[in-house]
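The file start.txt contains compact mmCIF, C-alpha atoms:
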# COMPACT_ATOMS: atom_id res chain seq x y z
CA MET A 1 3.40 10.11 22.14
CA ASN A 2 4.40 12.84 19.68
CA ILE A 3 3.42 10.99 16.51
CA THR A 4 0.93 12.07 13.85
CA ALA A 5 -1.00 9.37 12.01
CA THR A 6 -1.90 10.12 8.39
CA ILE A 7 -4.63 8.03 6.75
CA ILE A 8 -5.80 8.43 3.16
CA THR A 9 -9.42 7.54 2.49
CA LEU A 10 -12.16 7.24 -0.10
CA ASN A 11 -15.50 5.83 1.07
CA GLU A 12 -14.00 3.92 3.99
CA GLU A 13 -16.86 4.12 6.49
CA LYS A 14 -16.48 0.39 7.21
CA ASN A 15 -12.79 0.72 8.04
CA ILE A 16 -12.16 4.21 9.35
CA LYS A 17 -13.16 3.64 12.98
CA ASP A 18 -10.88 0.64 13.49
CA VAL A 19 -7.84 2.21 11.84
CA ILE A 20 -8.21 5.42 13.88
CA LEU A 21 -8.58 3.49 17.14
CA SER A 22 -5.51 1.47 16.20
CA ALA A 23 -3.47 4.59 15.45
CA LYS A 24 -4.55 6.22 18.71
CA GLU A 25 -2.65 3.53 20.59
CA VAL A 26 0.59 5.34 19.71
CA CYS A 27 -0.39 8.70 18.15
CA ASP A 28 -1.54 11.97 19.72
CA GLU A 29 -2.78 13.38 16.39
CA ILE A 30 -4.79 11.77 13.59
CA ILE A 31 -5.06 13.36 10.14
CA VAL A 32 -7.39 11.91 7.51
CA ILE A 33 -6.77 12.98 3.91
CA ASP A 34 -10.06 12.23 2.22
CA SER A 35 -10.57 11.97 -1.55
CA GLN A 36 -14.10 13.39 -1.51
CA SER A 37 -15.91 10.45 0.06
CA THR A 38 -19.66 10.24 -0.46
CA ASP A 39 -20.33 7.99 2.55
CA LYS A 40 -19.87 8.69 6.29
CA THR A 41 -16.08 8.42 6.33
CA ARG A 42 -15.42 12.06 7.22
CA GLN A 43 -18.23 12.21 9.78
CA ILE A 44 -16.98 9.14 11.63
CA ALA A 45 -13.38 10.37 11.54
CA GLU A 46 -14.30 13.77 12.97
CA GLU A 47 -16.43 12.18 15.70
CA LEU A 48 -13.35 10.21 16.74
CA GLY A 49 -11.29 13.38 16.99
CA ALA A 50 -9.41 13.22 13.69
CA LYS A 51 -8.54 16.28 11.64
CA VAL A 52 -10.04 15.79 8.17
CA ILE A 53 -8.49 17.36 5.07
CA ILE A 54 -10.40 17.08 1.77
CA GLN A 55 -8.12 16.58 -1.22
CA PRO A 56 -9.04 15.11 -4.62
CA TYR A 57 -6.93 12.01 -5.19
CA LEU A 58 -3.42 12.81 -6.40
CA GLY A 59 -2.10 9.25 -6.61
CA ASP A 60 -0.89 7.01 -3.79
CA GLY A 61 2.46 8.67 -3.10
CA PRO A 62 1.44 12.30 -3.63
CA GLN A 63 -1.71 11.86 -1.53
CA LYS A 64 0.25 10.46 1.40
CA ALA A 65 2.93 13.12 1.09
CA PHE A 66 0.27 15.86 0.91
CA GLY A 67 -1.08 15.23 4.40
CA VAL A 68 2.27 15.70 6.12
CA GLN A 69 2.16 19.51 5.83
CA PHE A 70 -0.71 19.60 8.32
CA ALA A 71 1.06 17.52 11.00
CA LYS A 72 2.15 19.12 14.27
CA ASN A 73 4.74 16.39 14.91
CA ASP A 74 7.98 15.45 13.19
CA TRP A 75 7.24 11.73 13.27
CA ILE A 76 4.55 10.36 10.98
CA LEU A 77 2.77 7.01 11.12
CA SER A 78 1.25 6.37 7.69
CA LEU A 79 -1.57 3.84 7.56
CA ASP A 80 -4.06 2.82 4.90
CA ALA A 81 -7.68 2.57 5.98
CA ASP A 82 -7.62 -1.23 5.73
CA GLU A 83 -4.56 -1.55 7.98
CA ARG A 84 -4.19 -1.99 11.74
CA LEU A 85 -1.21 -2.08 14.08
CA ASP A 86 -0.57 -5.51 15.54
CA LEU A 87 0.10 -5.65 19.28
CA ASP A 88 3.81 -6.20 18.67
CA ALA A 89 3.92 -3.02 16.57
CA ILE A 90 2.25 -0.99 19.32
CA ASN A 91 4.75 -2.31 21.86
CA GLU A 92 7.75 -1.71 19.58
CA ILE A 93 6.75 1.87 18.78
CA LYS A 94 6.31 2.67 22.47
CA GLN A 95 9.89 1.53 23.12
CA ILE A 96 11.50 3.86 20.55
CA ASN A 97 13.44 6.86 21.87
CA PHE A 98 12.65 9.32 19.10
CA GLU A 99 14.91 12.03 20.48
CA LYS A 100 18.03 9.85 20.36
CA THR A 101 17.33 7.56 17.41
CA LYS A 102 19.81 7.53 14.54
CA TYR A 103 17.18 6.29 12.09
CA ASP A 104 14.97 8.31 9.75
CA GLY A 105 12.26 5.68 9.69
CA TYR A 106 11.11 2.23 10.77
CA SER A 107 9.69 -0.60 8.69
CA PHE A 108 7.08 -3.20 9.56
CA ALA A 109 6.28 -6.59 8.09
CA ARG A 110 2.73 -6.80 6.76
CA LYS A 111 0.35 -9.70 7.20
CA THR A 112 -2.13 -9.46 4.33
CA PHE A 113 -5.47 -11.25 4.42
CA VAL A 114 -8.11 -12.28 1.90
CA GLY A 115 -11.14 -12.48 4.15
CA LYS A 116 -9.77 -14.28 7.22
CA LYS A 117 -7.10 -16.13 5.25
CA LEU A 118 -3.51 -14.99 5.74
CA ILE A 119 -1.66 -15.06 2.41
CA ARG A 120 1.74 -16.39 3.41
CA GLN A 121 3.46 -15.92 0.03
CA TRP A 122 2.93 -12.15 0.38
CA TYR A 123 4.74 -12.11 3.73
CA PRO A 124 6.79 -10.24 4.97
CA ASP A 125 6.05 -7.41 2.48
CA ARG A 126 8.13 -4.89 4.46
CA VAL A 127 7.06 -1.24 4.35
CA VAL A 128 8.44 1.90 6.01
CA ARG A 129 5.43 3.50 7.67
CA LEU A 130 6.92 5.34 10.64
CA TYR A 131 9.25 8.15 9.58
CA ASN A 132 10.60 11.61 10.38
CA HIS A 133 9.16 13.86 7.69
CA ASN A 134 11.96 16.38 8.14
CA LYS A 135 14.38 13.78 6.82
CA CYS A 136 12.33 11.75 4.33
CA ASN A 137 8.89 11.40 2.79
CA TYR A 138 6.86 9.44 0.27
CA SER A 139 7.91 9.40 -3.35
CA THR A 140 5.52 11.19 -5.66
CA SER A 141 4.97 8.37 -8.14
CA GLU A 142 1.38 7.73 -9.21
CA GLY A 143 1.41 4.06 -8.33
CA HIS A 144 1.97 2.43 -4.98
CA ALA A 145 4.71 4.56 -3.48
CA LYS A 146 7.15 4.11 -0.62
CA VAL A 147 8.99 6.29 1.86
CA GLN A 148 12.35 7.18 0.36
CA THR A 149 15.06 6.65 2.97
CA LYS A 150 18.31 4.71 3.31
CA TYR A 151 18.30 4.93 7.10
CA ALA A 152 15.35 2.82 8.18
CA LYS A 153 15.37 0.09 10.80
CA ASP A 154 13.41 -3.14 10.35
CA LEU A 155 11.24 -3.69 13.41
CA ASN A 156 10.23 -7.15 14.53
CA ALA A 157 6.64 -5.97 14.36
CA HIS A 158 3.62 -6.24 12.11
CA ILE A 159 0.89 -4.30 10.37
CA LEU A 160 -2.31 -6.26 9.74
CA HIS A 161 -3.55 -5.61 6.22
CA TYR A 162 -7.21 -6.52 5.64
CA SER A 163 -6.88 -5.74 1.98
CA TYR A 164 -9.53 -7.95 0.40
CA LYS A 165 -12.90 -9.23 1.60
CA ASN A 166 -12.85 -12.12 -0.87
CA TYR A 167 -11.29 -13.32 -4.13
CA GLU A 168 -13.74 -11.25 -6.16
CA GLU A 169 -12.13 -8.13 -4.69
CA VAL A 170 -8.65 -9.49 -5.44
CA ILE A 171 -9.62 -9.94 -9.10
CA LYS A 172 -11.29 -6.52 -9.38
CA THR A 173 -8.26 -4.82 -7.87
CA SER A 174 -5.90 -6.73 -10.14
CA TYR A 175 -7.68 -5.24 -13.18
CA LYS A 176 -6.96 -1.75 -11.88
CA PHE A 177 -3.26 -2.52 -11.35
CA ILE A 178 -2.98 -4.23 -14.75
CA GLU A 179 -4.25 -1.15 -16.57
CA ARG A 180 -2.28 1.33 -14.46
CA GLY A 181 0.93 -0.66 -14.67
CA ALA A 182 0.68 -0.95 -18.45
CA ARG A 183 -0.22 2.73 -18.88
CA LEU A 184 2.62 4.01 -16.69
CA ALA A 185 5.13 1.70 -18.39
CA ASN A 186 3.95 2.94 -21.79
CA GLN A 187 4.21 6.56 -20.68
CA ASP A 188 7.79 5.90 -19.51
CA GLY A 189 8.66 4.61 -22.95
CA LYS A 190 9.13 1.00 -21.88
CA LYS A 191 8.65 -1.57 -24.64
CA ALA A 192 7.21 -5.06 -24.47
CA SER A 193 8.08 -7.90 -26.80
CA LYS A 194 5.61 -10.52 -28.03
CA MET A 195 7.18 -13.03 -25.65
CA ASP A 196 6.91 -10.80 -22.57
CA PRO A 197 3.34 -11.80 -21.59
CA PHE A 198 4.43 -15.46 -21.50
CA ILE A 199 7.77 -14.80 -19.81
CA HIS A 200 6.34 -12.56 -17.09
CA GLY A 201 3.17 -14.60 -16.64
CA PHE A 202 5.12 -17.81 -16.12
CA GLY A 203 7.70 -15.94 -14.03
CA ALA A 204 5.02 -14.64 -11.66
CA LEU A 205 3.56 -18.15 -11.30
CA PHE A 206 7.00 -19.66 -10.61
CA LYS A 207 7.83 -16.93 -8.09
CA SER A 208 4.54 -17.34 -6.21
CA LEU A 209 4.43 -21.13 -6.14
CA ILE A 210 8.10 -22.05 -5.88
CA LEU A 211 10.27 -19.15 -4.72
CA LYS A 212 7.70 -17.93 -2.20
CA LYS A 213 6.61 -21.52 -1.43
CA GLY A 214 2.94 -20.87 -2.12
CA ILE A 215 2.47 -24.42 -3.39
CA PHE A 216 3.21 -25.71 0.13
CA TYR A 217 0.65 -23.50 1.86
CA GLY A 218 -2.57 -24.86 0.40
CA ILE A 219 -5.19 -24.13 -2.23
CA ASN A 220 -5.71 -20.48 -1.26
CA GLU A 221 -2.09 -19.73 -2.07
CA ILE A 222 -2.47 -21.44 -5.46
CA HIS A 223 -5.47 -19.21 -6.20
CA ILE A 224 -3.35 -16.14 -5.49
CA ALA A 225 -0.49 -17.46 -7.62
CA VAL A 226 -2.80 -17.92 -10.62
CA ILE A 227 -4.24 -14.42 -10.22
CA SER A 228 -0.71 -12.98 -9.99
CA SER A 229 0.30 -14.86 -13.12
CA PHE A 230 -2.75 -13.63 -15.02
CA SER A 231 -2.08 -10.04 -13.91
CA ALA A 232 1.51 -10.15 -15.13
CA TYR A 233 0.46 -11.72 -18.44
CA MET A 234 -2.24 -9.13 -19.08
CA LYS A 235 -0.09 -6.16 -18.11
CA TYR A 236 2.35 -6.96 -20.91
CA THR A 237 -0.48 -7.81 -23.28
CA LEU A 238 -1.94 -4.34 -22.71
CA MET A 239 1.51 -2.81 -23.18
CA LEU A 240 1.75 -4.50 -26.58
CA GLU A 241 -1.68 -3.23 -27.53
CA MET A 242 -0.78 0.32 -26.50
CA GLN A 243 2.42 0.14 -28.53
CA GLU A 244 0.52 -1.03 -31.60
CA ASN A 245 -2.05 1.76 -31.21
CA ASP A 246 0.70 4.37 -30.79
CA SER A 247 2.39 3.04 -33.90
CA LEU A 248 -0.83 3.30 -35.93
CA ASP A 249 -1.48 6.82 -34.64
CA ASN A 250 1.97 7.93 -35.76
CA LYS A 251 1.50 6.69 -39.32

Could you spell out this file's structure in C-alpha cells?
Amino acid sequence: MNITATIITLNEEKNIKDVILSAKEVCDEIIVIDSQSTDKTRQIAEELGAKVIIQPYLGDGPQKAFGVQFAKNDWILSLDADERLDLDAINEIKQINFEKTKYDGYSFARKTFVGKKLIRQWYPDRVVRLYNHNKCNYSTSEGHAKVQTKYAKDLNAHILHYSYKNYEEVIKTSYKFIERGARLANQDGKKASKMDPFIHGFGALFKSLILKKGIFYGINEIHIAVISSFSAYMKYTLMLEMQENDSLDNK
C-alpha cells in the first residue's frame, strides 16, 4: 500500500522492532526520526529496512511534522514507538480507497495499558494518525500535538498503546508533564489563582472517577485517578510559584 509510516524515537531499542513490524502490515515505507539515540534503536530500524533520519528533538508536534518531508507517499501513518496497530486497524486501513476518499485523515481509538492492565477511563482517546500530508499535518506546538484537520473520519479501529511498564513510569512521566504544562502556560501569559490547584485537582479526580466511570472499573483505575488529580494540582501549584518568581524578578 502507498503509505509511509513515520515513527519518532529516542532510545527505543525495546520497542522499535515491534512498531516497525506492525507498520509494515499496511505501509510500504518506514521512516524513523531519531532524537540522537545512544542505544541500538537506529541499528535495529535500519536492519528492518527503515529509513532513519537523525534530528535533535524539536518537540512532539514539530518532530512528527519534520519527518513528512522525506516521505515518498502522500498518506502518512504516524505512530509512536510504544504503539501498535490492532488487527481491526490493519483490516480497516486495507479497506480504504485512498484515491476516492473525501477525507483528509482517519482517527483511531487508543487502548492504553499500564503493564498488561488496560486503563478504561482513558478510552477511547481518539487520535488522527493516518492523514494526507498535502492537506494537513501536525501542529507545531511543543507539547503533545495533533493533526490539524476538520475532515477526518473516525474508524471503528484501535491503536494499542503500551505507554507505561508500571505505575512508577506513570508517576515519572507525570512529573515531566506537570513541569512542561506549567511552563508553557506561564509562557503564554496564563494566570493561576490560589484556588486553582484545589479546583483543578478535585476536578481531575471527579472526571476520572465519576464522569469517566473509573470508580466502577477497579483499584487500578482509582490509582490512575489519584495520579491525575495530583498532576493537575501540582501543575497549578507550579504556575503560582512561577508567577511569584516573575513578580519578584520584576521588582

- Query: Using only C-alpha atoms, which residues sit within 9 Å of A:Ile33 once same-chain residues fewer than 4 positions away are excluded, as an MDAnalysis selection string?
  - Reply: chainID A and resid 6:10 51:55 63:64 66:67

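Remark: for A:His133, the closest of the candidate residues A:Glu92, A:Asp86, A:Asp80, A:Asp74 is A:Asp74 (distances computed over all atoms listed in the file).
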
- Tell me, as a ChimeraX atom specification, which residues lie within 9 Å of A:Tyr162, counting all atoms listed in the file; anything in the same chain fewer than 6 positions away does not count. /A:82-84,111-116

- Mind giving me the straight-line distance from atom CA of A:Gly214 to atom CA of A:Glu179 in Å, one decimal?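 According to the coordinates, atom CA of A:Gly214 and atom CA of A:Glu179 are separated by 25.5 Å.
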
- Please provide the set of residues having any atom within 12 Å of A:Ile215, restricted to only C-alpha atoms, with same-chain residues fewer than 3 positions apart removed, written as a ChimeraX atom specification. /A:119-121,205-212,218-226

- Message: Need the shell around A:Asp88: protein/DNA/RNA residues with any atom at most 12 Å away, counting all atoms listed in the file. Skip same-chain ones fewer than 5 positions apart. Format as JSON, numbers by chain?
- Response: {"A": [25, 93, 94, 95, 108, 109, 110, 155, 156, 157, 158, 159, 160]}

- Which is closest to A:Asp18 among A:Ala81, A:Gly105, A:Phe230, A:Glu169, if we use all atoms listed in the file?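 Distance minimum relative to A:Asp18 lands on A:Ala81.
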
- Straight-line distance linking atom CA of A:Ser139 with atom CA of A:Ala23, stated in Å to one decimal: 22.5 Å

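Each of A:Ala182, A:Lys17, A:Leu58, A:Ala71 was checked against A:Ala5 using only C-alpha atoms; the smallest atom-to-atom distance is that of A:Ala71.
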
What box, with edges along x, y and z, holds each listed atom of stretch 212-229 of chain A when 4 Å is added on every side, and can you state its centre and edge lengths in Å to one decimal, as lines of an AutoDock Vina configuration file?
center_x = 1.0
center_y = -19.3
center_z = -5.6
size_x = 21.4
size_y = 20.7
size_z = 23.0

- Message: Just want the 9 Å neighbourhood of A:Ile227, counted on all atoms listed in the file, with same-chain residues fewer than 6 positions away dropped. Output as a list in words.
- Response: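 In the requested format, the answer is Val170, Ile171, Ser174 and Leu205 of chain A.
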
- What does the distance from atom CA of A:Leu48 to atom CA of A:Thr4 come to in Å, to one decimal?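 According to the coordinates, atom CA of A:Leu48 and atom CA of A:Thr4 are separated by 14.7 Å.
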
- Could you tell me, as number ranges by chain, which residues have any atom at most 10 Å from (1.6, -2.2, -21.6), counting only C-alpha atoms? A: 178-187, 189-192, 197, 234-243

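Between A:Gly203 and the residues A:Lys117, A:Ala232, A:Tyr217, A:Ile30, the shortest atom-to-atom distance, using only C-alpha atoms, involves A:Ala232.
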
- Query: For A:Lys146, which residue among A:Asn11, A:Asp60, A:Ser247, A:Ala89 is the nearest when counting all atoms listed in the file?
  - Reply: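 The closest residue to A:Lys146 is A:Asp60.
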